[in-house]
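I have placed the structure first, in the form of structure tokens, so that the comments after it can refer back to it.
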Amino acid sequence: MVKMPLRLNKVWTDMKPHIPFFADLRPAVAVQAVKAQAKAYLFRDRQAPAPANAALQALWHEAFTPISHVRQYVDVLLD
């Protein structure tokens with residue numbers, strides 16, 4: 001789940017200068033926040049399943065939110 005926001009950040013920064021419509025739009029791709037959530041999930045307490053589910057849900061939310069924002073812009077671009 002960490003690789004997708006990294007690739008998304010690279011694609012978005014490469015795509016943005018070539019499209020004048022997106023010059024002022026910048027969805028936040030917080031790569032450091034995704035890495036922090038992944039680290040928290042990886043080094044969790046293995047004995048308690050409830051915090052593990054919460055950590056995985058937080059990681060998924062942190063990784064999927066910027067993907068959905070950029071996907072909306074790509075859909076507009078394809079139209």
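Chain identifiers are assigned as A, B, and so on, following the order in which chains appear in the structure tokens; residues are numbered from 1 within each chain, and ligands are numbered from 1 in order of appearance.
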message = Excluding A:Ala36 and its own-chain neighbours fewer than 5 positions away, which residues fall within 9 Å of it when counting only C-alpha atoms? Please give them as a list in words.
response =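 Residues near the query, excluding close chain neighbours: Val31, Tyr41 and Leu59 of chain A.
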Selected residues written out, C-alpha atoms, as a PDB file, in the first residue's frame:
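Wrote it out as again-v4.pdb, contents follow:
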ATOM      1  CA  VAL A  31       3.871  10.011   1.345  1.00  0.00           C
ATOM      2  CA  TYR A  41       0.850  -1.348  11.357  1.00  0.00           C
ATOM      3  CA  LEU A  59      -3.395   2.801   6.643  1.00  0.00           C
TER       4      LEU A  59
END
Nearby residues (only C-alpha atoms) at most 12 Å from stretch 60-74 of chain A, same-chain spacing under 4 positions excluded, as a PDB file with N, CA and C atoms, in the first residue's frame:
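Listing of out.pdb after writing:
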ATOM      1  N   MET A   1       0.805  -1.196   0.000  1.00  0.00           N
ATOM      2  CA  MET A   1       0.000   0.000   0.000  1.00  0.00           C
ATOM      3  C   MET A   1       0.850   1.263   0.000  1.00  0.00           C
ATOM      4  N   VAL A   2       2.110   1.137   0.238  1.00  0.00           N
ATOM      5  CA  VAL A   2       2.982   2.319   0.242  1.00  0.00           C
ATOM      6  C   VAL A   2       3.427   2.655  -1.175  1.00  0.00           C
ATOM      7  N   LYS A   3       3.550   1.665  -2.023  1.00  0.00           N
ATOM      8  CA  LYS A   3       4.039   1.899  -3.386  1.00  0.00           C
ATOM      9  C   LYS A   3       3.066   2.724  -4.224  1.00  0.00           C
ATOM     10  N   MET A   4       1.781   2.505  -4.033  1.00  0.00           N
ATOM     11  CA  MET A   4       0.798   3.217  -4.861  1.00  0.00           C
ATOM     12  C   MET A   4       0.818   4.726  -4.623  1.00  0.00           C
ATOM     13  N   PRO A   5       0.823   5.227  -3.380  1.00  0.00           N
ATOM     14  CA  PRO A   5       0.936   6.691  -3.215  1.00  0.00           C
ATOM     15  C   PRO A   5       2.264   7.242  -3.729  1.00  0.00           C
ATOM     16  N   LEU A   6       3.352   6.465  -3.646  1.00  0.00           N
ATOM     17  CA  LEU A   6       4.630   6.922  -4.204  1.00  0.00           C
ATOM     18  C   LEU A   6       4.527   7.095  -5.720  1.00  0.00           C
ATOM     19  N   ARG A   7       3.948   6.119  -6.373  1.00  0.00           N
ATOM     20  CA  ARG A   7       3.776   6.204  -7.832  1.00  0.00           C
ATOM     21  C   ARG A   7       2.784   7.295  -8.201  1.00  0.00           C
ATOM     22  N   LEU A   8       1.748   7.436  -7.402  1.00  0.00           N
ATOM     23  CA  LEU A   8       0.757   8.478  -7.649  1.00  0.00           C
ATOM     24  C   LEU A   8       1.385   9.862  -7.553  1.00  0.00           C
ATOM     25  N   ASN A   9       2.239  10.072  -6.580  1.00  0.00           N
ATOM     26  CA  ASN A   9       2.920  11.353  -6.424  1.00  0.00           C
ATOM     27  C   ASN A   9       3.808  11.631  -7.631  1.00  0.00           C
ATOM     28  N   LYS A  10       4.508  10.633  -8.120  1.00  0.00           N
ATOM     29  CA  LYS A  10       5.378  10.807  -9.287  1.00  0.00           C
ATOM     30  C   LYS A  10       4.564  11.123 -10.544  1.00  0.00           C
ATOM     31  N   VAL A  11       3.489  10.390 -10.754  1.00  0.00           N
ATOM     32  CA  VAL A  11       2.647  10.624 -11.929  1.00  0.00           C
ATOM     33  C   VAL A  11       2.017  12.012 -11.879  1.00  0.00           C
ATOM     34  N   TRP A  12       1.525  12.397 -10.700  1.00  0.00           N
ATOM     35  CA  TRP A  12       0.855  13.691 -10.587  1.00  0.00           C
ATOM     36  C   TRP A  12       1.830  14.842 -10.801  1.00  0.00           C
ATOM     37  N   THR A  13       3.042  14.748 -10.241  1.00  0.00           N
ATOM     38  CA  THR A  13       3.999  15.838 -10.421  1.00  0.00           C
ATOM     39  C   THR A  13       4.508  15.888 -11.858  1.00  0.00           C
ATOM     40  N   MET A  15       2.605  14.976 -14.501  1.00  0.00           N
ATOM     41  CA  MET A  15       1.471  15.335 -15.344  1.00  0.00           C
ATOM     42  C   MET A  15       1.089  16.805 -15.192  1.00  0.00           C
ATOM     43  N   LYS A  16       1.263  17.359 -14.018  1.00  0.00           N
ATOM     44  CA  LYS A  16       0.779  18.707 -13.715  1.00  0.00           C
ATOM     45  C   LYS A  16       1.367  19.803 -14.595  1.00  0.00           C
ATOM     46  N   ILE A  19      -0.296  20.132 -18.265  1.00  0.00           N
ATOM     47  CA  ILE A  19      -1.719  20.392 -18.414  1.00  0.00           C
ATOM     48  C   ILE A  19      -2.041  21.716 -17.730  1.00  0.00           C
ATOM     49  N   PHE A  21      -4.793  23.229 -17.239  1.00  0.00           N
ATOM     50  CA  PHE A  21      -6.019  23.211 -16.449  1.00  0.00           C
ATOM     51  C   PHE A  21      -5.726  22.853 -14.995  1.00  0.00           C
ATOM     52  N   PHE A  22      -4.712  22.030 -14.763  1.00  0.00           N
ATOM     53  CA  PHE A  22      -4.381  21.583 -13.414  1.00  0.00           C
ATOM     54  C   PHE A  22      -3.273  22.413 -12.774  1.00  0.00           C
ATOM     55  N   LEU A  25      -4.314  23.255  -9.139  1.00  0.00           N
ATOM     56  CA  LEU A  25      -4.824  22.149  -8.335  1.00  0.00           C
ATOM     57  C   LEU A  25      -3.674  21.252  -7.891  1.00  0.00           C
ATOM     58  N   ARG A  26      -3.647  20.931  -6.636  1.00  0.00           N
ATOM     59  CA  ARG A  26      -2.595  20.064  -6.107  1.00  0.00           C
ATOM     60  C   ARG A  26      -3.182  19.198  -5.004  1.00  0.00           C
ATOM     61  N   PRO A  27      -3.662  18.009  -5.331  1.00  0.00           N
ATOM     62  CA  PRO A  27      -4.117  17.146  -4.247  1.00  0.00           C
ATOM     63  C   PRO A  27      -2.922  16.705  -3.404  1.00  0.00           C
ATOM     64  N   ALA A  28      -3.122  16.666  -2.126  1.00  0.00           N
ATOM     65  CA  ALA A  28      -2.030  16.346  -1.211  1.00  0.00           C
ATOM     66  C   ALA A  28      -1.769  14.847  -1.212  1.00  0.00           C
ATOM     67  N   VAL A  29      -0.584  14.470  -1.644  1.00  0.00           N
ATOM     68  CA  VAL A  29      -0.141  13.085  -1.563  1.00  0.00           C
ATOM     69  C   VAL A  29       0.880  13.039  -0.435  1.00  0.00           C
ATOM     70  N   ALA A  30       0.418  12.685   0.739  1.00  0.00           N
ATOM     71  CA  ALA A  30       1.257  12.681   1.929  1.00  0.00           C
ATOM     72  C   ALA A  30       1.978  11.343   2.035  1.00  0.00           C
ATOM     73  N   VAL A  31       3.113  11.260   1.373  1.00  0.00           N
ATOM     74  CA  VAL A  31       3.871  10.011   1.345  1.00  0.00           C
ATOM     75  C   VAL A  31       4.409   9.681   2.734  1.00  0.00           C
ATOM     76  N   GLN A  32       4.854  10.683   3.464  1.00  0.00           N
ATOM     77  CA  GLN A  32       5.392  10.440   4.809  1.00  0.00           C
ATOM     78  C   GLN A  32       4.313   9.933   5.754  1.00  0.00           C
ATOM     79  N   ALA A  33       3.088  10.420   5.609  1.00  0.00           N
ATOM     80  CA  ALA A  33       2.004   9.956   6.470  1.00  0.00           C
ATOM     81  C   ALA A  33       1.654   8.496   6.176  1.00  0.00           C
ATOM     82  N   VAL A  34       1.686   8.119   4.906  1.00  0.00           N
ATOM     83  CA  VAL A  34       1.411   6.732   4.543  1.00  0.00           C
ATOM     84  C   VAL A  34       2.506   5.821   5.080  1.00  0.00           C
ATOM     85  N   LYS A  35       3.754   6.263   4.970  1.00  0.00           N
ATOM     86  CA  LYS A  35       4.858   5.463   5.508  1.00  0.00           C
ATOM     87  C   LYS A  35       4.756   5.330   7.022  1.00  0.00           C
ATOM     88  N   ALA A  36       4.330   6.378   7.711  1.00  0.00           N
ATOM     89  CA  ALA A  36       4.181   6.325   9.164  1.00  0.00           C
ATOM     90  C   ALA A  36       3.073   5.351   9.560  1.00  0.00           C
ATOM     91  N   GLN A  37       1.967   5.366   8.823  1.00  0.00           N
ATOM     92  CA  GLN A  37       0.882   4.427   9.118  1.00  0.00           C
ATOM     93  C   GLN A  37       1.311   2.989   8.840  1.00  0.00           C
ATOM     94  N   ALA A  38       2.077   2.784   7.777  1.00  0.00           N
ATOM     95  CA  ALA A  38       2.567   1.436   7.467  1.00  0.00           C
ATOM     96  C   ALA A  38       3.522   0.944   8.548  1.00  0.00           C
ATOM     97  N   TYR A  41       1.507  -0.056  11.555  1.00  0.00           N
ATOM     98  CA  TYR A  41       0.850  -1.348  11.357  1.00  0.00           C
ATOM     99  C   TYR A  41       1.857  -2.494  11.429  1.00  0.00           C
ATOM    100  N   ASN A  53      -6.676  -4.178  13.486  1.00  0.00           N
ATOM    101  CA  ASN A  53      -7.709  -3.820  12.510  1.00  0.00           C
ATOM    102  C   ASN A  53      -7.826  -2.309  12.363  1.00  0.00           C
ATOM    103  N   ALA A  54      -7.734  -1.601  13.470  1.00  0.00           N
ATOM    104  CA  ALA A  54      -7.804  -0.140  13.419  1.00  0.00           C
ATOM    105  C   ALA A  54      -6.592   0.442  12.689  1.00  0.00           C
ATOM    106  N   ALA A  55      -5.412  -0.137  12.914  1.00  0.00           N
ATOM    107  CA  ALA A  55      -4.205   0.346  12.236  1.00  0.00           C
ATOM    108  C   ALA A  55      -4.278   0.072  10.733  1.00  0.00           C
ATOM    109  N   LEU A  56      -4.791  -1.087  10.344  1.00  0.00           N
ATOM    110  CA  LEU A  56      -4.936  -1.402   8.921  1.00  0.00           C
ATOM    111  C   LEU A  56      -5.963  -0.488   8.263  1.00  0.00           C
ATOM    112  N   LEU A  78      -9.838  12.671 -19.133  1.00  0.00           N
ATOM    113  CA  LEU A  78     -10.228  11.754 -20.204  1.00  0.00           C
ATOM    114  C   LEU A  78     -11.495  12.203 -20.908  1.00  0.00           C
ATOM    115  N   ASP A  79     -12.372  12.913 -20.212  1.00  0.00           N
ATOM    116  CA  ASP A  79     -13.599  13.414 -20.853  1.00  0.00           C
ATOM    117  C   ASP A  79     -13.222  14.534 -21.814  1.00  0.00           C
TER     118      ASP A  79
END
key: Expected answer as a ChimeraX atom specification: alpha helix (DSSP H) residues in chain A   = /A:3-15,31-42,49-78
Between atom CA of A:Leu42 and atom CA of A:Ala58, distance in Å (one decimal) =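 Atom CA of A:Ala58 lies at a distance of 12.6 Å from atom CA of A:Leu42.
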